[in-house]
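Below is structure-v1.cif, holding mmCIF, C-alpha atoms.
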```cif
data_start
loop_
_atom_site.label_atom_id
_atom_site.label_comp_id
_atom_site.auth_asym_id
_atom_site.auth_seq_id
_atom_site.Cartn_x
_atom_site.Cartn_y
_atom_site.Cartn_z
CA MET A 283 -32.35 -53.67 -86.49
CA LEU A 284 -34.69 -52.85 -89.35
CA TYR A 285 -35.35 -49.37 -90.68
CA LEU A 286 -37.18 -47.91 -93.64
CA ASP A 287 -36.00 -44.36 -94.21
CA CYS A 288 -34.90 -41.16 -92.50
CA CYS A 289 -37.62 -39.28 -90.63
CA ARG A 290 -38.65 -36.23 -92.63
CA LEU A 291 -39.71 -34.41 -89.44
CA CYS A 292 -36.48 -34.53 -87.41
CA LYS A 293 -34.25 -35.41 -90.39
CA THR A 294 -32.14 -37.64 -88.19
CA GLY A 295 -34.04 -40.61 -86.79
CA PRO A 296 -34.46 -43.88 -88.62
CA LEU A 297 -38.09 -44.85 -89.23
CA ARG A 298 -38.55 -48.29 -87.76
CA LEU A 299 -41.41 -50.72 -87.32
CA ARG A 300 -42.85 -50.81 -83.81
CA ARG A 301 -44.94 -53.82 -82.81
CA CYS A 302 -47.54 -53.35 -80.09
CA GLY A 303 -47.13 -55.78 -77.20
CA SER A 304 -50.86 -55.70 -76.56
CA CYS A 305 -52.57 -56.16 -79.95
CA ALA A 306 -49.52 -57.17 -82.07
CA SER A 307 -50.24 -54.51 -84.71
CA THR A 308 -47.20 -52.82 -86.25
CA TRP A 309 -46.65 -49.12 -87.04
CA ILE A 310 -43.94 -46.92 -88.48
CA VAL A 311 -42.20 -44.95 -85.71
CA CYS A 312 -39.20 -42.61 -85.73
CA ASP A 313 -36.88 -43.84 -83.00
CA GLU A 314 -35.51 -40.30 -82.51
CA CYS A 315 -38.62 -38.09 -82.29
CA ASP A 316 -41.42 -40.68 -81.87
CA ALA A 317 -43.40 -39.45 -84.89
CA LEU A 318 -45.72 -42.26 -85.99
CA TRP A 319 -47.21 -43.18 -89.39
CA THR A 320 -50.14 -45.51 -89.90
CA SER A 321 -49.74 -45.81 -93.65
CA PRO A 322 -46.84 -46.25 -96.06
CA ASP A 323 -47.29 -42.66 -97.28
CA LEU A 324 -44.42 -41.12 -95.37
CA SER A 325 -45.05 -37.73 -96.94
CA ALA A 326 -48.32 -37.57 -95.01
CA SER A 327 -48.46 -35.88 -91.62
CA PRO A 328 -47.39 -38.20 -88.84
CA VAL A 329 -49.70 -39.09 -85.98
CA ILE A 330 -48.49 -37.20 -82.92
CA GLU A 331 -50.56 -37.87 -79.83
CA ASP A 332 -49.46 -38.42 -76.27
CA SER A 333 -45.70 -38.21 -76.52
CA ALA A 334 -45.25 -39.73 -73.06
CA THR A 335 -46.82 -43.08 -73.81
CA LEU A 336 -47.00 -43.23 -77.62
CA PRO A 337 -50.40 -44.94 -77.74
CA CYS A 338 -50.92 -47.71 -80.26
CA PRO A 339 -53.37 -46.49 -82.95
CA GLY A 340 -54.91 -49.97 -82.88
CA CYS A 341 -55.65 -50.50 -79.20
CA GLY A 342 -54.35 -47.51 -77.27
CA ALA A 343 -51.73 -49.44 -75.28
CA SER A 344 -48.36 -47.73 -74.94
CA LEU A 345 -45.93 -48.65 -77.67
CA TRP A 346 -43.16 -48.05 -75.14
CA ALA A 347 -44.63 -50.48 -72.59
CA ALA A 348 -42.91 -53.74 -71.77
CA GLY A 349 -43.88 -56.29 -74.40
CA SER A 350 -43.80 -53.81 -77.29
CA SER A 351 -40.68 -54.02 -79.41
CA TRP A 352 -39.09 -53.22 -82.73
CA ALA A 353 -40.48 -55.71 -85.23
CA THR A 354 -38.43 -58.43 -86.81
CA GLU A 355 -38.71 -58.86 -90.56
CA GLU A 356 -41.04 -61.81 -90.06
CA GLN A 357 -43.28 -59.76 -87.76
CA ALA A 358 -43.23 -56.83 -90.17
CA ARG A 359 -44.30 -59.00 -93.08
CA ALA A 360 -47.09 -60.47 -90.95
CA GLU A 361 -48.74 -57.02 -90.88
CA LYS A 362 -50.79 -56.94 -94.08
CA TRP A 363 -50.55 -53.23 -94.93
CA ILE A 364 -46.80 -53.32 -94.44
CA ALA A 365 -46.37 -56.53 -96.43
CA ASP A 366 -48.49 -55.04 -99.25
CA ALA A 367 -46.42 -51.82 -99.22
CA ILE A 368 -43.17 -53.79 -99.37
CA GLU A 369 -44.57 -55.89 -102.21
CA ALA A 370 -45.63 -52.73 -104.06
CA GLY A 371 -42.21 -51.13 -103.57
CA GLN A 372 -43.60 -48.35 -101.36
CA LEU A 373 -41.53 -49.40 -98.38
CA ASP A 374 -38.02 -50.79 -98.41
CA LEU A 375 -36.79 -52.73 -95.38
CA LYS A 376 -33.11 -52.25 -94.57
CA ASN A 377 -30.89 -53.39 -91.72
CA ASP A 378 -28.72 -51.12 -89.57
CA PRO A 379 -25.24 -51.11 -91.10
CA LEU A 380 -23.40 -52.48 -88.05
CA MET B 107 -31.21 -131.29 -49.53
CA GLY B 108 -34.50 -133.26 -49.42
CA LYS B 109 -37.78 -132.02 -50.89
CA ALA B 110 -40.42 -130.50 -48.53
CA PRO B 111 -43.60 -132.48 -48.30
CA LEU B 112 -46.48 -131.23 -50.52
CA PRO B 113 -48.80 -130.06 -47.65
CA VAL B 114 -46.00 -127.86 -46.26
CA VAL B 115 -45.42 -126.22 -49.66
CA ILE B 116 -49.14 -125.55 -50.09
CA GLY B 117 -49.27 -124.05 -46.59
CA ILE B 118 -46.39 -121.66 -47.33
CA VAL B 119 -47.98 -120.51 -50.62
CA VAL B 120 -51.32 -119.84 -48.89
CA LEU B 121 -49.67 -117.89 -46.07
CA VAL B 122 -47.65 -115.70 -48.51
CA GLY B 123 -50.74 -114.99 -50.61
CA VAL B 124 -52.90 -114.06 -47.64
CA GLY B 125 -50.10 -111.88 -46.23
CA ALA B 126 -49.72 -110.01 -49.51
CA TRP B 127 -53.47 -109.43 -49.68
CA LEU B 128 -53.50 -108.04 -46.18
CA LEU B 129 -50.63 -105.59 -46.73
CA PRO B 130 -51.90 -102.04 -47.53
CA THR B 131 -51.36 -100.80 -51.07
CA ALA B 132 -50.24 -97.25 -51.93
CA GLN B 133 -53.87 -96.33 -52.59
CA ASP B 134 -54.78 -97.49 -49.13
CA GLN B 135 -52.21 -95.24 -47.51
CA PRO B 136 -53.79 -92.38 -45.57
CA PRO B 137 -53.03 -88.94 -47.10
CA VAL B 138 -49.86 -87.36 -45.83
CA VAL B 139 -50.81 -84.43 -43.65
CA ASP B 140 -48.45 -81.47 -43.66
CA ARG B 141 -48.18 -80.76 -40.02
CA ALA B 142 -45.97 -77.72 -40.52
CA PRO B 143 -47.51 -74.60 -38.98
CA PRO B 144 -49.09 -72.18 -41.46
CA ARG B 145 -46.66 -69.57 -42.83
CA LEU B 146 -47.30 -66.14 -41.51
CA GLU B 147 -44.77 -64.31 -43.67
CA ALA B 148 -44.72 -64.00 -47.46
CA PRO B 149 -42.66 -66.70 -49.13
CA ALA B 150 -39.22 -65.73 -50.32
CA GLU B 151 -39.37 -64.42 -53.88
CA ALA B 152 -37.94 -66.72 -56.50
CA PRO B 153 -35.06 -65.12 -58.40
CA ASP B 154 -37.03 -65.02 -61.62
CA ALA B 155 -40.35 -64.08 -60.09
CA PRO B 156 -42.06 -60.93 -61.37
CA ARG B 157 -41.01 -57.80 -59.50
CA ALA B 158 -43.25 -56.91 -56.60
CA LYS B 159 -45.62 -54.03 -57.03
CA ALA B 160 -45.99 -51.37 -54.41
CA GLY B 161 -48.96 -49.06 -54.66
CA GLY B 162 -49.49 -50.12 -58.27
CA VAL B 163 -46.00 -49.03 -59.28
CA ASP B 164 -43.68 -51.65 -60.64
CA ALA B 165 -40.44 -51.89 -58.67
CA ASP B 166 -38.44 -51.48 -61.87
CA GLN B 167 -40.32 -48.28 -62.64
CA ALA B 168 -39.67 -47.02 -59.12
CA GLU B 169 -35.96 -47.76 -59.49
CA GLY B 170 -35.95 -46.10 -62.92
CA ARG B 171 -37.62 -43.01 -61.50
CA GLN B 172 -35.04 -42.87 -58.74
CA SER B 173 -32.18 -42.94 -61.25
CA VAL B 174 -33.86 -40.25 -63.39
CA ASP B 175 -34.37 -38.20 -60.20
CA GLN B 176 -30.68 -38.44 -59.48
CA LEU B 177 -29.70 -37.52 -63.04
CA ALA B 178 -32.08 -34.57 -62.95
CA ARG B 179 -30.50 -33.29 -59.74
CA GLU B 180 -27.02 -33.65 -61.25
CA CYS B 181 -28.19 -31.57 -64.22
CA GLY B 182 -29.65 -28.81 -62.06
CA LEU B 183 -33.25 -29.59 -63.03
CA GLU B 184 -36.12 -28.88 -60.72
CA SER B 185 -38.71 -31.57 -60.07
CA VAL B 186 -42.17 -30.13 -60.78
CA GLY B 187 -44.26 -33.30 -60.75
CA ARG B 188 -44.09 -37.03 -61.03
CA SER B 189 -41.16 -37.67 -63.39
CA VAL B 190 -41.39 -34.10 -64.72
CA TYR B 191 -38.37 -31.81 -64.44
CA VAL B 192 -37.81 -28.30 -65.63
CA SER B 193 -34.52 -26.63 -66.51
CA PRO B 194 -33.50 -23.06 -65.59
CA ALA B 195 -34.50 -21.93 -69.12
CA GLY B 196 -37.90 -23.60 -68.80
CA VAL B 197 -37.35 -26.76 -70.86
CA ARG B 198 -39.51 -29.57 -69.47
CA TYR B 199 -38.29 -33.16 -69.45
CA ARG B 200 -41.02 -35.78 -69.08
CA ARG B 201 -41.58 -39.49 -69.61
CA GLY B 202 -41.36 -40.78 -73.17
CA SER B 203 -39.12 -42.31 -75.81
CA GLU B 204 -37.77 -45.81 -76.05
CA GLN B 205 -35.48 -45.04 -73.10
CA GLY B 206 -38.50 -44.25 -70.90
CA HIS B 207 -37.69 -40.62 -70.14
CA ARG B 208 -36.62 -37.67 -72.29
CA LEU B 209 -33.62 -37.06 -70.06
CA LEU B 210 -32.44 -40.62 -70.67
CA HIS B 211 -32.98 -40.14 -74.38
CA LEU B 212 -30.93 -36.94 -74.31
CA ALA B 213 -28.18 -38.97 -72.62
CA THR B 214 -27.93 -41.14 -75.75
CA HIS B 215 -26.53 -38.02 -77.46
CA THR B 216 -23.58 -37.76 -75.07
CA GLN B 217 -21.71 -40.40 -77.04
CA ASP B 218 -21.51 -41.57 -80.62
CA ASN B 219 -23.57 -44.46 -81.89
CA PRO B 220 -21.80 -45.67 -85.05
CA SER B 221 -24.60 -48.11 -85.85
CA ARG B 222 -27.13 -45.31 -86.45
CA PRO B 223 -27.84 -45.37 -90.18
CA PHE B 224 -28.10 -41.57 -90.49
CA SER B 225 -26.62 -38.77 -88.38
CA HIS B 226 -26.24 -38.95 -84.63
CA GLY B 227 -25.36 -35.65 -83.00
CA VAL B 228 -23.06 -35.81 -79.97
CA PHE B 229 -22.93 -32.96 -77.43
CA ALA B 230 -19.61 -31.31 -76.61
CA GLY B 231 -18.36 -32.39 -73.21
CA GLU B 232 -19.99 -35.78 -73.75
CA ASN B 233 -21.84 -35.66 -70.44
CA LEU B 234 -25.46 -35.03 -69.56
CA PRO B 235 -25.14 -31.85 -67.45
CA ASP B 236 -23.26 -30.16 -70.31
CA ALA B 237 -25.87 -31.38 -72.80
CA VAL B 238 -28.70 -29.98 -70.66
CA ALA B 239 -26.87 -26.64 -70.39
CA ILE B 240 -26.35 -26.46 -74.17
CA VAL B 241 -30.04 -27.28 -74.73
CA ASP B 242 -30.93 -24.46 -72.36
CA ASP B 243 -28.72 -22.02 -74.28
CA ALA B 244 -30.34 -23.10 -77.55
CA TYR B 245 -33.85 -22.85 -76.12
CA ARG B 246 -33.26 -19.33 -74.77
CA GLN B 247 -31.95 -18.30 -78.17
CA ALA B 248 -34.91 -19.93 -79.93
CA GLN B 249 -37.35 -18.14 -77.62
CA ALA B 250 -35.62 -14.87 -78.38
CA GLY B 251 -35.83 -15.61 -82.11
CA LYS B 252 -32.10 -15.18 -82.61
CA ARG B 253 -30.46 -17.08 -85.48
CA VAL B 254 -33.09 -19.78 -85.48
CA ASP B 255 -35.03 -21.61 -88.20
CA VAL B 256 -38.45 -22.82 -87.10
CA GLU B 257 -40.56 -25.57 -88.64
CA ARG B 258 -43.95 -26.58 -87.27
CA GLU B 259 -45.96 -29.74 -87.84
CA GLY B 260 -49.04 -30.27 -85.70
CA ARG B 261 -48.06 -29.96 -82.06
CA ARG B 262 -44.38 -30.27 -82.86
CA THR B 263 -41.96 -27.43 -83.35
CA VAL B 264 -38.49 -28.06 -84.70
CA TYR B 265 -35.93 -25.34 -83.97
CA ARG B 266 -32.52 -25.22 -85.63
CA VAL B 267 -30.44 -22.81 -83.63
CA GLU B 268 -27.11 -21.42 -84.85
CA MET B 269 -25.02 -21.35 -81.68
CA GLY B 270 -22.00 -19.48 -83.00
CA ARG B 271 -19.61 -21.97 -81.44
CA ARG B 272 -18.79 -25.65 -81.57
CA VAL B 273 -21.44 -27.51 -79.56
CA GLY B 274 -20.56 -31.07 -80.49
CA TYR B 275 -20.00 -33.20 -83.53
CA VAL B 276 -21.91 -35.29 -86.01
CA GLY B 277 -21.58 -39.02 -85.50
CA GLY B 278 -23.52 -42.02 -86.74
CA GLN B 279 -22.95 -43.43 -90.21
CA ARG B 280 -23.24 -40.09 -92.00
CA GLY B 281 -20.97 -38.37 -89.51
CA ALA B 282 -18.36 -41.09 -89.82
CA ALA B 283 -18.45 -40.85 -93.60
CA ARG B 284 -17.61 -37.12 -93.30
CA GLY B 285 -14.94 -37.46 -90.60
CA ARG B 286 -17.23 -36.58 -87.68
CA PRO B 287 -17.56 -32.87 -88.52
CA ALA B 288 -17.98 -30.25 -85.81
CA ALA B 289 -21.55 -29.19 -85.10
CA ARG B 290 -22.37 -25.52 -84.53
CA ARG B 291 -26.14 -25.79 -84.43
CA ILE B 292 -28.59 -27.45 -82.07
CA GLN B 293 -31.80 -28.99 -83.26
CA LEU B 294 -34.60 -28.96 -80.70
CA VAL B 295 -37.78 -30.96 -81.26
CA MET B 296 -40.37 -29.59 -78.85
CA GLU B 297 -44.04 -29.85 -78.01
CA GLY B 298 -44.66 -26.50 -76.40
CA GLY B 299 -42.09 -26.36 -73.61
CA ASN B 300 -41.71 -30.15 -73.49
CA LEU B 301 -38.53 -31.46 -75.01
CA ILE B 302 -38.92 -34.46 -77.30
CA THR B 303 -35.30 -34.65 -78.42
CA ALA B 304 -32.31 -32.40 -79.04
CA TYR B 305 -28.90 -32.91 -80.60
CA PRO B 306 -26.09 -31.06 -82.35
CA VAL B 307 -26.24 -30.78 -86.13
CA LYS B 308 -23.82 -29.39 -88.70
#
```

Could you spell out this file's structure in structure tokens?
Amino acid sequence: MLYLDCCRLCKTGPLRLRRCGSCASTWIVCDECDALWTSPDLSASPVIEDSATLPCPGCGASLWAAGSSWATEEQARAEKWIADAIEAGQLDLKNDPL
Amino acid sequence: MGKAPLPVVIGIVVLVGVGAWLLPTAQDQPPVVDRAPPRLEAPAEAPDAPRAKAGGVDADQAEGRQSVDQLARECGLESVGRSVYVSPAGVRYRRGSEQGHRLLHLATHTQDNPSRPFSHGVFAGENLPDAVAIVDDAYRQAQAGKRVDVEREGRRTVYRVEMGRRVGYVGGQRGAARGRPAARRIQLVMEGGNLITAYPVK
């Protein structure tokens, strides 16, 4: 599974790329504490809204609903702002070690 | 064998041709009428059919809620609303996380996950009731302001509570690299009284 970095808020969870099952947009989400970033600036404050459903910033559908999933590398690169950030060296995609 | 006379042959050909023309073709067949009586009961569900919905609630969700209900009872939590449980110390466990419920997420910290790229705290006892009890101890201590570091960001509060005893160990990749050290602190990530996540840290 892909990850980017360690969450600066909980200092434990890997930041991963969550793809919305409704609108197919992709966001950076900590898989431990559900903090969410909508830009590659991970020093910025995360978006923390309804922690029960984790609404997609694009369409409001739950990012935990069936159909949403952790993005593959291909899906991640299909999201322009993520692809641009990877290209610019702002984000670095890594795979879980095992 | 002698040859048939020409008029006989012509007669046979004409009879076969007329017979073929008179036979009904498939298109001429009347439509097949299903004379079976109308079904009064719902058809049997195909094995891969979507799960039935009852009152707008997916059957899988209902089953999931039932299992969370059972876990909550085993942990001594009180049900205070739909899928909302509260512990004796006042920690609320609600829906959320990839696992679907905060209690199920907490359960991921009752065993190591060596594939986690960073730390993965594992509660002593390695079972959910013990984990819930340790979280309660940590929350009481945090509320009392005893040996606790507090960090706030928006609606989130992160407590790091020194427990004064071993409360688990550090697993994951970082924990493995350090020989799974004992953890004496609990980190609580809360939104008010709602638990987001909790785990032992060094």

When the PyMOL selection byres ((chain A) within 12 of (chain B)) is applied to the file above, which residues end up in the set, as an MDAnalysis selection string?
chainID A and resid 283:298 300 311:317 326:337 344:348 350:352 376:380

Using all atoms listed in the file - which residues lie no farther than 12 Å from the point (-50.0, -59.5, -79.9) in the file's frame? Write them as a PyMOL selection string.
chain A and resi 300-308+338+340-341+343+345+349-351+353+357+360-361

Work out how far apart CA of Val197 (chain B) and CA of Trp309 (chain A) are and give it in Å to one decimal.
29.1 Å

Interatomic distance between CA of Arg198 (chain B) and CA of Gly274 (chain B)?
22.0 Å

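Our summary of the geometry notes that CA of Val228 (chain B) is positioned 24.3 Å from CA of Leu318 (chain A).
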
Among the residues B:Ala178, B:Met269, B:Ala289, B:Ala283, the one that comes closest to Arg246 (chain B) [using all atoms listed in the file]
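Smallest distance to Arg246 (chain B) is found for B:Met269.
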
Selection dump of the PyMOL selection byres ((chain A and resi 364) around 10), as a PDB file with C-alpha atoms, in the coordinates of the input:
```pdb
ATOM      1  CA  LEU A 299     -41.410 -50.720 -87.320  1.00  0.00           C
ATOM      2  CA  THR A 308     -47.200 -52.820 -86.250  1.00  0.00           C
ATOM      3  CA  TRP A 309     -46.650 -49.120 -87.040  1.00  0.00           C
ATOM      4  CA  ILE A 310     -43.940 -46.920 -88.480  1.00  0.00           C
ATOM      5  CA  THR A 320     -50.140 -45.510 -89.900  1.00  0.00           C
ATOM      6  CA  SER A 321     -49.740 -45.810 -93.650  1.00  0.00           C
ATOM      7  CA  PRO A 322     -46.840 -46.250 -96.060  1.00  0.00           C
ATOM      8  CA  GLN A 357     -43.280 -59.760 -87.760  1.00  0.00           C
ATOM      9  CA  ALA A 358     -43.230 -56.830 -90.170  1.00  0.00           C
ATOM     10  CA  ARG A 359     -44.300 -59.000 -93.080  1.00  0.00           C
ATOM     11  CA  ALA A 360     -47.090 -60.470 -90.950  1.00  0.00           C
ATOM     12  CA  GLU A 361     -48.740 -57.020 -90.880  1.00  0.00           C
ATOM     13  CA  LYS A 362     -50.790 -56.940 -94.080  1.00  0.00           C
ATOM     14  CA  TRP A 363     -50.550 -53.230 -94.930  1.00  0.00           C
ATOM     15  CA  ALA A 365     -46.370 -56.530 -96.430  1.00  0.00           C
ATOM     16  CA  ASP A 366     -48.490 -55.040 -99.250  1.00  0.00           C
ATOM     17  CA  ALA A 367     -46.420 -51.820 -99.220  1.00  0.00           C
ATOM     18  CA  ILE A 368     -43.170 -53.790 -99.370  1.00  0.00           C
ATOM     19  CA  GLU A 369     -44.570 -55.890-102.210  1.00  0.00           C
ATOM     20  CA  ALA A 370     -45.630 -52.730-104.060  1.00  0.00           C
ATOM     21  CA  GLN A 372     -43.600 -48.350-101.360  1.00  0.00           C
ATOM     22  CA  LEU A 373     -41.530 -49.400 -98.380  1.00  0.00           C
ATOM     23  CA  ASP A 374     -38.020 -50.790 -98.410  1.00  0.00           C
TER      24      ASP A 374
END
```

Residues selected by the PyMOL selection byres ((chain B and resi 183) around 12), written as JSON, numbers by chain
{"B": [174, 175, 176, 177, 178, 179, 180, 181, 182, 184, 185, 186, 187, 189, 190, 191, 192, 193, 194, 195, 196, 197, 198, 199, 200, 209, 234, 235, 238, 239, 242]}

Min atom-atom distance to Arg266 (chain B) from the set B:Thr216, B:Arg291, B:Lys252, B:Arg286, counting all atoms listed in the file, belongs to B:Arg291

Specify the axis-aligned box that encloses all atoms of region 273-280 of chain B listed in the file after padding of 8 Å on each side, stating its centre and edge lengths in Å to one decimal as AutoDock Vina command-line options.
```
--center_x -21.8 --center_y -35.5 --center_z -85.8 --size_x 19.5 --size_y 31.9 --size_z 28.4
```
